[in-house]
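This is start.txt. It holds compact mmCIF, C-alpha atoms (C1' of nucleotides).
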```
# COMPACT_ATOMS: atom_id res chain seq x y z
CA MET C 1 -119.27 -20.99 -22.32
CA SER C 2 -120.67 -23.56 -19.91
CA ASP C 3 -118.52 -25.73 -17.69
CA HIS C 4 -119.53 -28.62 -19.89
CA ASP C 5 -118.20 -26.91 -22.98
CA GLU C 6 -115.05 -25.72 -21.29
CA ILE C 7 -114.23 -29.24 -20.18
CA LEU C 8 -114.92 -30.56 -23.64
CA VAL C 9 -112.72 -28.03 -25.36
CA ALA C 10 -109.86 -28.50 -22.94
CA LEU C 11 -110.02 -32.25 -23.37
CA ARG C 12 -110.11 -31.90 -27.13
CA ARG C 13 -107.03 -29.68 -27.05
CA ILE C 14 -105.21 -32.22 -24.93
CA THR C 15 -106.15 -35.22 -27.02
CA ARG C 16 -105.20 -33.34 -30.15
CA ALA C 17 -101.80 -32.45 -28.72
CA ILE C 18 -101.25 -36.10 -27.85
CA ASP C 19 -102.29 -37.20 -31.29
CA LEU C 20 -99.99 -34.75 -32.99
CA GLN C 21 -97.14 -35.86 -30.76
CA SER C 22 -97.87 -39.43 -31.75
CA LYS C 23 -97.64 -38.53 -35.43
CA ARG C 24 -94.38 -36.79 -34.70
CA LEU C 25 -93.02 -39.87 -32.96
CA VAL C 26 -93.74 -41.90 -36.05
CA LYS C 27 -91.34 -39.76 -38.00
CA ALA C 28 -88.68 -39.89 -35.34
CA THR C 29 -88.90 -43.57 -34.40
CA GLY C 30 -91.20 -45.30 -36.87
CA LEU C 31 -93.53 -46.19 -34.02
CA THR C 32 -96.72 -44.54 -32.83
CA ALA C 33 -97.53 -43.66 -29.24
CA PRO C 34 -99.79 -46.68 -28.62
CA GLN C 35 -97.15 -48.97 -30.10
CA LEU C 36 -94.51 -47.49 -27.82
CA VAL C 37 -96.80 -47.79 -24.81
CA VAL C 38 -97.24 -51.47 -25.55
CA ILE C 39 -93.55 -52.29 -25.96
CA ASP C 40 -92.68 -50.24 -22.89
CA THR C 41 -95.25 -52.18 -20.91
CA LEU C 42 -93.82 -55.47 -22.13
CA ARG C 43 -90.34 -54.27 -21.29
CA LYS C 44 -91.31 -53.44 -17.74
CA ARG C 45 -93.56 -56.35 -16.95
CA GLY C 46 -92.32 -59.17 -19.17
CA ASP C 47 -94.36 -61.33 -21.53
CA MET C 48 -98.05 -60.64 -21.35
CA SER C 49 -101.26 -61.80 -22.97
CA PRO C 50 -103.25 -59.35 -25.10
CA SER C 51 -106.00 -59.15 -22.52
CA ALA C 52 -103.49 -58.33 -19.77
CA ILE C 53 -101.96 -55.61 -21.91
CA ALA C 54 -105.40 -54.23 -22.64
CA ARG C 55 -106.13 -53.93 -18.94
CA ALA C 56 -102.74 -52.39 -18.21
CA VAL C 57 -103.01 -49.64 -20.79
CA SER C 58 -106.76 -49.04 -20.88
CA LEU C 59 -107.41 -50.19 -24.40
CA SER C 60 -109.75 -52.88 -25.71
CA GLN C 61 -108.54 -56.33 -26.58
CA ALA C 62 -109.38 -55.74 -30.24
CA THR C 63 -107.21 -52.65 -30.29
CA ILE C 64 -104.29 -54.51 -28.75
CA THR C 65 -104.64 -57.19 -31.40
CA SER C 66 -104.25 -54.64 -34.16
CA ILE C 67 -101.32 -52.93 -32.46
CA LEU C 68 -99.61 -56.27 -31.93
CA ASP C 69 -100.16 -57.07 -35.60
CA ARG C 70 -98.06 -54.07 -36.55
CA LEU C 71 -95.41 -54.74 -33.94
CA VAL C 72 -95.08 -58.33 -35.14
CA GLN C 73 -94.94 -57.03 -38.69
CA ALA C 74 -92.10 -54.74 -37.65
CA GLY C 75 -90.26 -57.62 -36.01
CA LEU C 76 -90.40 -56.14 -32.51
CA VAL C 77 -92.76 -58.66 -30.96
CA GLU C 78 -93.46 -62.37 -31.27
CA ARG C 79 -96.66 -64.21 -30.48
CA VAL C 80 -96.06 -67.37 -28.50
CA LYS C 81 -98.87 -69.78 -27.79
CA SER C 82 -99.16 -70.75 -24.18
CA ASP C 83 -98.64 -74.45 -23.43
CA THR C 84 -100.80 -74.59 -20.36
CA ASP C 85 -103.80 -72.87 -21.94
CA LYS C 86 -103.97 -73.04 -25.69
CA ARG C 87 -106.40 -70.17 -25.92
CA VAL C 88 -103.79 -67.79 -24.57
CA VAL C 89 -101.19 -66.04 -26.68
CA MET C 90 -98.21 -64.39 -25.07
CA ALA C 91 -96.69 -61.27 -26.57
CA LYS C 92 -92.91 -61.39 -26.24
CA LEU C 93 -90.41 -58.71 -27.18
CA THR C 94 -87.75 -59.73 -29.68
CA PRO C 95 -84.20 -58.45 -29.14
CA LYS C 96 -85.03 -55.75 -31.63
CA GLY C 97 -88.12 -54.92 -29.58
CA VAL C 98 -86.07 -54.65 -26.40
CA GLU C 99 -83.70 -52.32 -28.14
CA ALA C 100 -86.54 -50.20 -29.50
CA SER C 101 -87.99 -49.91 -26.03
CA ASP C 102 -84.65 -48.91 -24.52
CA ASN C 103 -84.18 -46.23 -27.14
CA SER C 104 -87.72 -44.93 -27.13
CA PRO C 105 -88.23 -41.29 -26.28
CA GLU C 106 -90.72 -40.21 -23.67
CA LEU C 107 -94.23 -40.10 -24.94
CA LEU C 108 -95.17 -36.65 -23.80
CA GLN C 109 -93.73 -33.71 -25.64
CA ALA C 110 -90.31 -32.75 -24.41
CA GLY C 111 -91.40 -29.14 -24.11
CA PHE C 112 -94.45 -30.03 -22.11
CA LEU C 113 -92.37 -32.03 -19.65
CA ARG C 114 -89.81 -29.29 -19.44
CA SER C 115 -92.47 -26.71 -18.64
CA PHE C 116 -94.24 -29.07 -16.31
CA ARG C 117 -91.09 -29.70 -14.32
CA THR C 118 -90.47 -26.02 -13.80
CA LEU C 119 -93.75 -25.79 -11.90
CA GLN C 120 -93.76 -25.87 -8.14
CA PRO C 121 -93.97 -29.42 -6.83
CA TRP C 122 -97.34 -28.74 -5.23
CA GLU C 123 -98.63 -27.52 -8.55
CA GLN C 124 -97.35 -30.58 -10.38
CA ASN C 125 -99.05 -32.77 -7.84
CA MET C 126 -102.25 -30.83 -8.08
CA LEU C 127 -102.36 -31.18 -11.85
CA ILE C 128 -101.74 -34.91 -11.70
CA ALA C 129 -104.29 -35.34 -8.94
CA SER C 130 -106.83 -33.38 -10.96
CA LEU C 131 -106.32 -35.57 -13.99
CA GLN C 132 -106.71 -38.68 -11.91
CA ARG C 133 -109.81 -37.30 -10.26
CA ILE C 134 -111.41 -36.65 -13.63
CA ALA C 135 -110.36 -40.07 -14.88
CA GLU C 136 -111.99 -41.61 -11.82
CA LEU C 137 -115.22 -39.74 -12.30
CA MET C 138 -115.34 -40.87 -15.89
CA ASP C 139 -114.28 -44.44 -15.23
CA ALA C 140 -116.83 -44.82 -12.50
CA GLU C 141 -119.38 -43.87 -15.07
CA GLU C 142 -118.42 -46.76 -17.29
CA LEU C 143 -119.59 -49.28 -14.77
CA ASP C 144 -123.23 -48.34 -14.88
CA ALA C 145 -123.60 -46.03 -17.82
CA ALA C 146 -124.57 -48.58 -20.42
CA PRO C 147 -127.93 -49.54 -18.92
CA PHE C 148 -129.03 -45.91 -19.09
CA LEU C 149 -129.22 -46.12 -22.82
CA GLU C 150 -130.80 -49.51 -23.21
CA PRO C 151 -134.08 -49.46 -25.08
CA GLY C 152 -136.93 -48.91 -22.72
CA GLU C 153 -134.71 -47.57 -20.01
CA LEU C 154 -135.30 -43.95 -20.79
CA HIS C 155 -138.93 -44.06 -19.76
CA PRO C 156 -139.24 -47.20 -17.71
CA MET S 1 -94.69 -45.06 -11.43
CA SER S 2 -93.15 -41.83 -12.69
CA ASP S 3 -95.08 -38.61 -13.07
CA HIS S 4 -94.76 -39.10 -16.77
CA ASP S 5 -96.44 -42.49 -16.63
CA GLU S 6 -99.10 -41.35 -14.24
CA ILE S 7 -100.07 -38.52 -16.56
CA LEU S 8 -100.13 -40.86 -19.50
CA VAL S 9 -102.33 -43.41 -17.81
CA ALA S 10 -104.76 -40.82 -16.52
CA LEU S 11 -105.05 -39.29 -19.97
CA ARG S 12 -105.59 -42.70 -21.53
CA ARG S 13 -108.37 -43.45 -19.07
CA ILE S 14 -110.02 -40.15 -19.88
CA THR S 15 -109.77 -40.51 -23.64
CA ARG S 16 -111.06 -44.04 -23.42
CA ALA S 17 -114.05 -42.94 -21.37
CA ILE S 18 -114.79 -40.27 -23.94
CA ASP S 19 -114.49 -42.74 -26.76
CA LEU S 20 -116.81 -45.22 -25.11
CA GLN S 21 -119.30 -42.46 -24.46
CA SER S 22 -119.13 -41.57 -28.13
CA LYS S 23 -119.92 -45.15 -29.10
CA ARG S 24 -122.82 -45.08 -26.70
CA LEU S 25 -124.14 -41.88 -28.24
CA VAL S 26 -124.18 -43.54 -31.63
CA LYS S 27 -126.64 -46.08 -30.37
CA ALA S 28 -128.82 -43.49 -28.72
CA THR S 29 -128.81 -40.83 -31.41
CA GLY S 30 -127.16 -42.27 -34.50
CA LEU S 31 -124.49 -39.62 -34.25
CA THR S 32 -120.99 -39.74 -32.82
CA ALA S 33 -119.51 -37.23 -30.42
CA PRO S 34 -117.50 -35.35 -33.07
CA GLN S 35 -120.57 -35.17 -35.28
CA LEU S 36 -122.62 -33.76 -32.41
CA VAL S 37 -119.91 -31.27 -31.57
CA VAL S 38 -120.00 -30.02 -35.14
CA ILE S 39 -123.76 -29.61 -35.39
CA ASP S 40 -123.88 -28.01 -31.95
CA THR S 41 -121.25 -25.54 -33.05
CA LEU S 42 -123.20 -24.73 -36.19
CA ARG S 43 -126.35 -24.34 -34.14
CA LYS S 44 -124.73 -21.85 -31.81
CA ARG S 45 -122.69 -19.85 -34.27
CA GLY S 46 -124.58 -20.18 -37.55
CA ASP S 47 -123.21 -21.21 -40.92
CA MET S 48 -119.47 -21.74 -40.89
CA SER S 49 -116.71 -22.78 -43.23
CA PRO S 50 -114.86 -26.05 -42.58
CA SER S 51 -111.73 -24.19 -41.59
CA ALA S 52 -113.63 -22.07 -39.08
CA ILE S 53 -115.21 -25.18 -37.59
CA ALA S 54 -111.79 -26.83 -37.38
CA ARG S 55 -110.44 -23.90 -35.39
CA ALA S 56 -113.48 -23.81 -33.14
CA VAL S 57 -113.34 -27.45 -32.16
CA SER S 58 -109.60 -28.15 -32.36
CA LEU S 59 -109.68 -30.60 -35.22
CA SER S 60 -107.88 -30.54 -38.54
CA GLN S 61 -109.57 -29.34 -41.68
CA ALA S 62 -109.29 -32.82 -43.17
CA THR S 63 -111.11 -34.30 -40.22
CA ILE S 64 -113.91 -31.77 -40.51
CA THR S 65 -114.31 -32.61 -44.17
CA SER S 66 -114.88 -36.27 -43.37
CA ILE S 67 -117.28 -35.48 -40.54
CA LEU S 68 -119.23 -33.13 -42.80
CA ASP S 69 -119.36 -35.86 -45.43
CA ARG S 70 -121.27 -38.06 -43.02
CA LEU S 71 -123.52 -35.27 -41.81
CA VAL S 72 -124.39 -34.39 -45.38
CA GLN S 73 -125.01 -38.05 -46.05
CA ALA S 74 -127.37 -38.13 -43.10
CA GLY S 75 -129.20 -35.07 -44.39
CA LEU S 76 -128.33 -32.89 -41.41
CA VAL S 77 -126.03 -30.46 -43.15
CA GLU S 78 -125.78 -28.84 -46.56
CA ARG S 79 -122.68 -27.50 -48.26
CA VAL S 80 -123.30 -24.11 -49.84
CA LYS S 81 -120.66 -22.45 -51.97
CA SER S 82 -119.93 -18.92 -50.97
CA ASP S 83 -120.71 -16.25 -53.56
CA THR S 84 -118.15 -13.76 -52.40
CA ASP S 85 -115.26 -16.22 -52.30
CA LYS S 86 -115.68 -19.29 -54.43
CA ARG S 87 -113.03 -21.24 -52.59
CA VAL S 88 -115.14 -21.19 -49.47
CA VAL S 89 -117.84 -23.69 -48.66
CA MET S 90 -120.33 -22.94 -45.95
CA ALA S 91 -121.74 -25.73 -43.82
CA LYS S 92 -125.39 -25.07 -43.11
CA LEU S 93 -127.74 -27.03 -40.89
CA THR S 94 -130.84 -28.38 -42.54
CA PRO S 95 -134.12 -28.28 -40.57
CA LYS S 96 -133.42 -31.88 -39.67
CA GLY S 97 -129.98 -30.84 -38.48
CA VAL S 98 -131.43 -28.10 -36.31
CA GLU S 99 -133.79 -30.56 -34.78
CA ALA S 100 -131.03 -33.09 -34.15
CA SER S 101 -128.99 -30.42 -32.42
CA ASP S 102 -131.90 -29.34 -30.24
CA ASN S 103 -132.52 -32.92 -29.19
CA SER S 104 -128.90 -33.88 -28.70
CA PRO S 105 -127.84 -35.02 -25.27
CA GLU S 106 -124.84 -33.57 -23.52
CA LEU S 107 -121.60 -35.01 -24.67
CA LEU S 108 -120.10 -35.90 -21.34
CA GLN S 109 -121.55 -38.82 -19.48
CA ALA S 110 -124.59 -37.91 -17.46
CA GLY S 111 -123.13 -39.61 -14.41
CA PHE S 112 -119.86 -37.75 -14.74
CA LEU S 113 -121.65 -34.42 -14.88
CA ARG S 114 -123.86 -35.37 -11.98
CA SER S 115 -120.85 -36.29 -9.87
CA PHE S 116 -118.93 -33.28 -11.04
CA ARG S 117 -121.72 -30.93 -10.05
CA THR S 118 -121.87 -32.30 -6.55
CA LEU S 119 -118.31 -31.14 -6.00
CA GLN S 120 -117.64 -27.88 -4.21
CA PRO S 121 -117.55 -24.96 -6.62
CA TRP S 122 -113.90 -24.30 -5.83
CA GLU S 123 -113.10 -27.88 -6.66
CA GLN S 124 -114.98 -27.74 -9.94
CA ASN S 125 -113.09 -24.63 -10.84
CA MET S 126 -109.80 -26.16 -9.87
CA LEU S 127 -110.39 -29.19 -12.06
CA ILE S 128 -111.35 -27.09 -15.04
CA ALA S 129 -108.42 -24.77 -14.49
CA SER S 130 -106.09 -27.76 -14.26
CA LEU S 131 -107.34 -29.17 -17.53
CA GLN S 132 -106.90 -25.84 -19.21
CA ARG S 133 -103.44 -25.45 -17.77
CA ILE S 134 -102.40 -28.81 -19.14
CA ALA S 135 -103.99 -28.02 -22.48
CA GLU S 136 -102.01 -24.78 -22.57
CA LEU S 137 -98.73 -26.47 -21.78
CA MET S 138 -99.36 -28.96 -24.54
CA ASP S 139 -100.67 -26.46 -27.05
CA ALA S 140 -97.72 -24.20 -26.48
CA GLU S 141 -95.58 -27.12 -27.43
CA GLU S 142 -97.28 -27.42 -30.79
CA LEU S 143 -96.07 -24.04 -31.87
CA ASP S 144 -92.42 -24.87 -31.85
CA ALA S 145 -92.25 -28.62 -31.52
CA ALA S 146 -92.15 -29.44 -35.19
CA PRO S 147 -88.85 -27.72 -35.95
CA PHE S 148 -87.15 -29.86 -33.32
CA LEU S 149 -87.52 -32.83 -35.55
CA GLU S 150 -86.57 -31.23 -38.81
CA PRO S 151 -83.49 -32.74 -40.40
CA GLY S 152 -80.44 -30.82 -39.44
CA GLU S 153 -82.11 -29.03 -36.58
CA LEU S 154 -80.92 -31.38 -33.92
CA HIS S 155 -77.30 -30.33 -34.24
CA PRO S 156 -77.39 -26.99 -36.04
C1' DG Z 1 -102.30 -7.43 -66.34
C1' DC Z 2 -99.83 -11.69 -65.72
C1' DA Z 3 -97.04 -14.77 -62.67
C1' DT Z 4 -96.40 -16.43 -58.22
C1' DT Z 5 -97.83 -17.38 -53.83
C1' DT Z 6 -101.30 -18.17 -50.57
C1' DT Z 7 -105.68 -19.83 -49.06
C1' DG Z 8 -109.60 -23.17 -48.82
C1' DC Z 9 -111.25 -27.44 -49.53
C1' DT Z 10 -111.20 -32.43 -50.78
C1' DA Z 11 -108.96 -37.00 -51.74
C1' DT Z 12 -105.84 -40.49 -50.38
C1' DG Z 13 -103.65 -43.49 -47.33
C1' DA Z 14 -102.36 -45.16 -42.81
C1' DG Z 15 -103.17 -45.87 -37.79
C1' DG Z 16 -106.09 -45.94 -33.81
C1' DT Z 17 -110.29 -47.41 -31.66
C1' DC Z 18 -114.29 -49.95 -30.54
C1' DA Z 19 -118.44 -53.41 -30.67
C1' DA Z 20 -120.05 -57.44 -32.38
C1' DA Z 21 -119.43 -61.75 -34.55
C1' DG Z 22 -116.66 -65.87 -35.12
C1' DC Z 23 -113.36 -69.52 -33.76
C1' DT Z 24 -111.00 -72.40 -30.56
C1' DT Z 25 -110.18 -74.10 -26.08
C1' DT Z 26 -111.40 -74.71 -21.38
C1' DG Z 27 -114.46 -75.50 -17.67
C1' DA Z 28 -118.85 -76.84 -15.59
C1' DT Z 29 -123.05 -79.54 -15.57
C1' DG Z 30 -125.82 -83.37 -16.16
C1' DC T 1 -118.50 -88.55 -21.07
C1' DA T 2 -121.39 -85.24 -23.75
C1' DT T 3 -123.13 -80.88 -23.73
C1' DC T 4 -123.30 -76.25 -22.95
C1' DA T 5 -121.40 -72.12 -21.16
C1' DA T 6 -117.45 -69.14 -20.59
C1' DA T 7 -112.93 -67.27 -21.75
C1' DG T 8 -109.30 -65.67 -25.00
C1' DC T 9 -108.13 -64.14 -29.30
C1' DT T 10 -108.89 -62.47 -34.12
C1' DT T 11 -111.81 -60.66 -37.84
C1' DT T 12 -114.88 -57.39 -39.69
C1' DG T 13 -116.75 -53.08 -40.36
C1' DA T 14 -117.33 -48.34 -39.10
C1' DC T 15 -115.65 -43.93 -37.68
C1' DC T 16 -112.01 -40.69 -36.10
C1' DT T 17 -107.77 -38.47 -36.99
C1' DC T 18 -103.98 -36.67 -39.28
C1' DA T 19 -100.34 -35.44 -42.99
C1' DT T 20 -99.70 -34.93 -47.60
C1' DA T 21 -100.91 -34.06 -52.08
C1' DG T 22 -104.00 -32.21 -55.36
C1' DC T 23 -107.22 -28.68 -57.36
C1' DA T 24 -109.40 -24.29 -57.68
C1' DA T 25 -109.78 -19.51 -56.52
C1' DA T 26 -108.03 -15.28 -54.55
C1' DA T 27 -104.33 -12.16 -53.27
C1' DT T 28 -99.87 -10.35 -54.03
C1' DG T 29 -95.91 -8.84 -56.68
C1' DC T 30 -93.72 -6.91 -60.51
```
Spit out the file's structure as structure tokens when you get a sec.
Amino acid sequence: MSDHDEILVALRRITRAIDLQSKRLVKATGLTAPQLVVIDTLRKRGDMSPSAIARAVSLSQATITSILDRLVQAGLVERVKSDTDKRVVMAKLTPKGVEASDNSPELLQAGFLRSFRTLQPWEQNMLIASLQRIAELMDAEELDAAPFLEPGELHP
Amino acid sequence: MSDHDEILVALRRITRAIDLQSKRLVKATGLTAPQLVVIDTLRKRGDMSPSAIARAVSLSQATITSILDRLVQAGLVERVKSDTDKRVVMAKLTPKGVEASDNSPELLQAGFLRSFRTLQPWEQNMLIASLQRIAELMDAEELDAAPFLEPGELHP
DNA sequence: GCATTTTGCTATGAGGTCAAAGCTTTGATG
DNA sequence: CATCAAAGCTTTGACCTCATAGCAAAATGC
């Protein structure tokens, strides 16, 4: 298998594990991983606009809108229109939302974290650094990738 | 930020980059990343059943069914009932499917691969090994994670 | 041989995710 | 001011993803 394929398969295994964990969280807490990420972010940083949340958690604004819809539905978040700029909506945790955040389990599988923490510190650091390195290489790509696929760009 | 959060954020950045790349592929080829993965797998390994594809690419059987639906729709794949075991359906590339596979671009961003390949070989290997290590730690979790949430299992 | 279980696939329903289009408000330009 | 552009959010539509439930066929048990 090529490097390319090995990377792809490893990433797929990881994203699948995360997805399955998210489904598991739903049963345990009624909330999915993205929903928990959002309320945890609000808990830590206070009221935020959808666009600010999107930047903080690396999701699109549209995705945050749909996640907020469900959190509002569940009574964990309120939308409050800003007075200074009427375009802006602030997402605000309700008391119930605060409680949910305080009681939320960690988002990575307990077993994964347990195993991870038994590794040598240097190994833990190396794994985290590797993930961040890969994220960087991919993020960097975002900045100038789009033009490569514009019509006419392939054979200028 | 805790290790836990750093891992989460890095993973989110990576999955987002992959997702955006998939959207970009749609515009260039009309096919999404999962669809390309499936036809590439069929191209390399020949006709396969949905369950075999699911195992090969780390997706659920249900997901493969829906991806095959769209590939059939697009005329790239045929479903052929097995003679020996009538439960089994074989996914088979059509000539058009073979052609699409042969012309398909790589699934990771070109710029990512370019950058990646400029790294020292030991560094490339380390990154791949790290990804696989993390995938292992998470996969391992899958095997016995479910029971942890079964009713009655928490306090046996 | 027949009943039960297992295996393989598909259908259903719910979230997640994004781009693009649409709406409102703000800001800049003349 | 009046106009036009930009910014912020939501809507729409498409696909991915899974669990669960359903259906059919094969394998196992008695």
Cα-based least-squares overlay of chain S on chain C, as a short mmCIF file (atom, residue, chain, number, x, y, z; two decimals) with C-alpha atoms, in the frame of the given file:
```
data_model
loop_
_atom_site.label_atom_id
_atom_site.label_comp_id
_atom_site.auth_asym_id
_atom_site.auth_seq_id
_atom_site.Cartn_x
_atom_site.Cartn_y
_atom_site.Cartn_z
CA MET S 1 -118.93 -20.62 -22.48
CA SER S 2 -120.42 -23.19 -20.12
CA ASP S 3 -118.34 -25.41 -17.88
CA HIS S 4 -119.37 -28.25 -20.10
CA ASP S 5 -117.96 -26.56 -23.18
CA GLU S 6 -114.83 -25.44 -21.44
CA ILE S 7 -114.08 -28.98 -20.35
CA LEU S 8 -114.74 -30.26 -23.83
CA VAL S 9 -112.47 -27.76 -25.50
CA ALA S 10 -109.65 -28.29 -23.04
CA LEU S 11 -109.88 -32.04 -23.52
CA ARG S 12 -109.90 -31.65 -27.28
CA ARG S 13 -106.78 -29.50 -27.14
CA ILE S 14 -105.06 -32.09 -25.00
CA THR S 15 -106.01 -35.06 -27.15
CA ARG S 16 -104.98 -33.19 -30.25
CA ALA S 17 -101.59 -32.37 -28.77
CA ILE S 18 -101.13 -36.02 -27.90
CA ASP S 19 -102.13 -37.09 -31.37
CA LEU S 20 -99.75 -34.67 -33.02
CA GLN S 21 -96.97 -35.84 -30.75
CA SER S 22 -97.74 -39.39 -31.80
CA LYS S 23 -97.42 -38.44 -35.46
CA ARG S 24 -94.13 -36.78 -34.67
CA LEU S 25 -92.87 -39.90 -32.93
CA VAL S 26 -93.58 -41.91 -36.04
CA LYS S 27 -91.14 -39.81 -37.97
CA ALA S 28 -88.50 -40.01 -35.29
CA THR S 29 -88.79 -43.67 -34.37
CA GLY S 30 -91.08 -45.35 -36.88
CA LEU S 31 -93.44 -46.20 -34.07
CA THR S 32 -96.62 -44.53 -32.89
CA ALA S 33 -97.44 -43.63 -29.32
CA PRO S 34 -99.75 -46.62 -28.72
CA GLN S 35 -97.12 -48.94 -30.17
CA LEU S 36 -94.48 -47.48 -27.86
CA VAL S 37 -96.79 -47.75 -24.89
CA VAL S 38 -97.26 -51.43 -25.63
CA ILE S 39 -93.58 -52.29 -26.01
CA ASP S 40 -92.71 -50.22 -22.94
CA THR S 41 -95.30 -52.13 -20.97
CA LEU S 42 -93.90 -55.44 -22.17
CA ARG S 43 -90.40 -54.27 -21.31
CA LYS S 44 -91.37 -53.40 -17.77
CA ARG S 45 -93.66 -56.29 -16.97
CA GLY S 46 -92.43 -59.11 -19.20
CA ASP S 47 -94.47 -61.27 -21.54
CA MET S 48 -98.17 -60.54 -21.38
CA SER S 49 -101.38 -61.66 -22.99
CA PRO S 50 -103.34 -59.20 -25.15
CA SER S 51 -106.08 -58.96 -22.57
CA ALA S 52 -103.59 -58.16 -19.81
CA ILE S 53 -102.02 -55.47 -21.97
CA ALA S 54 -105.46 -54.04 -22.71
CA ARG S 55 -106.19 -53.72 -19.01
CA ALA S 56 -102.80 -52.21 -18.29
CA VAL S 57 -103.04 -49.47 -20.88
CA SER S 58 -106.80 -48.85 -20.97
CA LEU S 59 -107.43 -50.00 -24.50
CA SER S 60 -109.79 -52.64 -25.82
CA GLN S 61 -108.61 -56.11 -26.64
CA ALA S 62 -109.43 -55.53 -30.31
CA THR S 63 -107.23 -52.48 -30.38
CA ILE S 64 -104.34 -54.36 -28.82
CA THR S 65 -104.68 -57.07 -31.43
CA SER S 66 -104.26 -54.56 -34.24
CA ILE S 67 -101.33 -52.85 -32.54
CA LEU S 68 -99.65 -56.21 -31.98
CA ASP S 69 -100.21 -57.03 -35.64
CA ARG S 70 -98.07 -54.07 -36.61
CA LEU S 71 -95.43 -54.75 -34.00
CA VAL S 72 -95.16 -58.33 -35.17
CA GLN S 73 -94.96 -57.07 -38.72
CA ALA S 74 -92.11 -54.80 -37.69
CA GLY S 75 -90.31 -57.70 -36.03
CA LEU S 76 -90.45 -56.21 -32.54
CA VAL S 77 -92.84 -58.68 -30.98
CA GLU S 78 -93.57 -62.38 -31.27
CA ARG S 79 -96.82 -64.15 -30.48
CA VAL S 80 -96.23 -67.33 -28.49
CA LYS S 81 -99.08 -69.69 -27.72
CA SER S 82 -99.33 -70.59 -24.10
CA ASP S 83 -98.83 -74.26 -23.25
CA THR S 84 -100.93 -74.28 -20.14
CA ASP S 85 -103.94 -72.58 -21.71
CA LYS S 86 -104.16 -72.84 -25.46
CA ARG S 87 -106.57 -69.96 -25.77
CA VAL S 88 -103.93 -67.59 -24.51
CA VAL S 89 -101.34 -65.91 -26.66
CA MET S 90 -98.34 -64.30 -25.07
CA ALA S 91 -96.79 -61.21 -26.60
CA LYS S 92 -93.03 -61.37 -26.27
CA LEU S 93 -90.48 -58.74 -27.20
CA THR S 94 -87.85 -59.80 -29.68
CA PRO S 95 -84.27 -58.56 -29.13
CA LYS S 96 -85.07 -55.85 -31.63
CA GLY S 97 -88.14 -54.98 -29.60
CA VAL S 98 -86.11 -54.74 -26.42
CA GLU S 99 -83.71 -52.44 -28.12
CA ALA S 100 -86.50 -50.27 -29.52
CA SER S 101 -87.98 -49.96 -26.05
CA ASP S 102 -84.65 -49.01 -24.51
CA ASN S 103 -84.13 -46.33 -27.13
CA SER S 104 -87.66 -45.00 -27.12
CA PRO S 105 -88.17 -41.38 -26.20
CA GLU S 106 -90.68 -40.31 -23.61
CA LEU S 107 -94.17 -40.16 -24.89
CA LEU S 108 -95.11 -36.70 -23.74
CA GLN S 109 -93.58 -33.78 -25.52
CA ALA S 110 -90.16 -32.89 -24.23
CA GLY S 111 -91.17 -29.26 -23.91
CA PHE S 112 -94.29 -30.13 -21.97
CA LEU S 113 -92.30 -32.18 -19.49
CA ARG S 114 -89.68 -29.49 -19.21
CA SER S 115 -92.32 -26.88 -18.45
CA PHE S 116 -94.18 -29.21 -16.16
CA ARG S 117 -91.08 -29.92 -14.12
CA THR S 118 -90.40 -26.26 -13.56
CA LEU S 119 -93.70 -25.99 -11.72
CA GLN S 120 -93.78 -26.09 -7.95
CA PRO S 121 -94.08 -29.64 -6.65
CA TRP S 122 -97.46 -28.89 -5.11
CA GLU S 123 -98.67 -27.64 -8.44
CA GLN S 124 -97.42 -30.70 -10.27
CA ASN S 125 -99.19 -32.87 -7.77
CA MET S 126 -102.36 -30.87 -8.05
CA LEU S 127 -102.41 -31.22 -11.82
CA ILE S 128 -101.85 -34.94 -11.68
CA ALA S 129 -104.44 -35.34 -8.96
CA SER S 130 -106.92 -33.32 -11.02
CA LEU S 131 -106.40 -35.50 -14.05
CA GLN S 132 -106.87 -38.61 -11.99
CA ARG S 133 -109.97 -37.19 -10.38
CA ILE S 134 -111.50 -36.48 -13.76
CA ALA S 135 -110.49 -39.90 -15.01
CA GLU S 136 -112.19 -41.44 -11.99
CA LEU S 137 -115.40 -39.51 -12.50
CA MET S 138 -115.48 -40.62 -16.10
CA ASP S 139 -114.45 -44.20 -15.44
CA ALA S 140 -117.06 -44.55 -12.76
CA GLU S 141 -119.56 -43.59 -15.37
CA GLU S 142 -118.53 -46.47 -17.59
CA LEU S 143 -119.65 -49.01 -15.06
CA ASP S 144 -123.29 -48.14 -15.17
CA ALA S 145 -123.69 -45.89 -18.16
CA ALA S 146 -124.52 -48.56 -20.68
CA PRO S 147 -127.76 -49.71 -19.07
CA PHE S 148 -129.11 -46.18 -19.30
CA LEU S 149 -129.39 -46.56 -23.00
CA GLU S 150 -130.79 -50.05 -23.12
CA PRO S 151 -134.21 -50.25 -24.70
CA GLY S 152 -136.88 -50.08 -22.10
CA GLU S 153 -134.58 -48.79 -19.41
CA LEU S 154 -135.45 -45.18 -19.89
CA HIS S 155 -138.97 -45.57 -18.58
CA PRO S 156 -138.95 -48.84 -16.65
#
```
Problem set entry | Atomic separation - atom CA of C:Leu113 relative to atom CA of C:Leu31, Å |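 Atom-to-atom, atom CA of C:Leu31 to atom CA of C:Leu113, that is 20.2 Å.
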Find the residues of chain S that sit at most 9 Å from chain Z; for each, write down the nearest two atoms and how far apart they are in Å, to one decimal. Count all atoms listed in the file. Sort by chain, then by number going up, and give it as a tab-separated table.
```
residue	atom	partner	partner_atom	distance
S:Arg16	CA	Z:DT17	C1'	8.9
S:Asp19	CA	Z:DT17	C1'	8.0
S:Leu20	CA	Z:DC18	C1'	7.6
S:Lys23	CA	Z:DC18	C1'	7.5
S:Pro50	CA	Z:DC9	C1'	8.0
S:Ser51	CA	Z:DG8	C1'	7.6
S:Gln61	CA	Z:DC9	C1'	8.2
S:Ala62	CA	Z:DT10	C1'	7.9
S:Thr65	CA	Z:DT10	C1'	7.3
S:Arg87	CA	Z:DG8	C1'	5.5
S:Val88	CA	Z:DG8	C1'	5.9
S:Val89	CA	Z:DC9	C1'	7.6
```
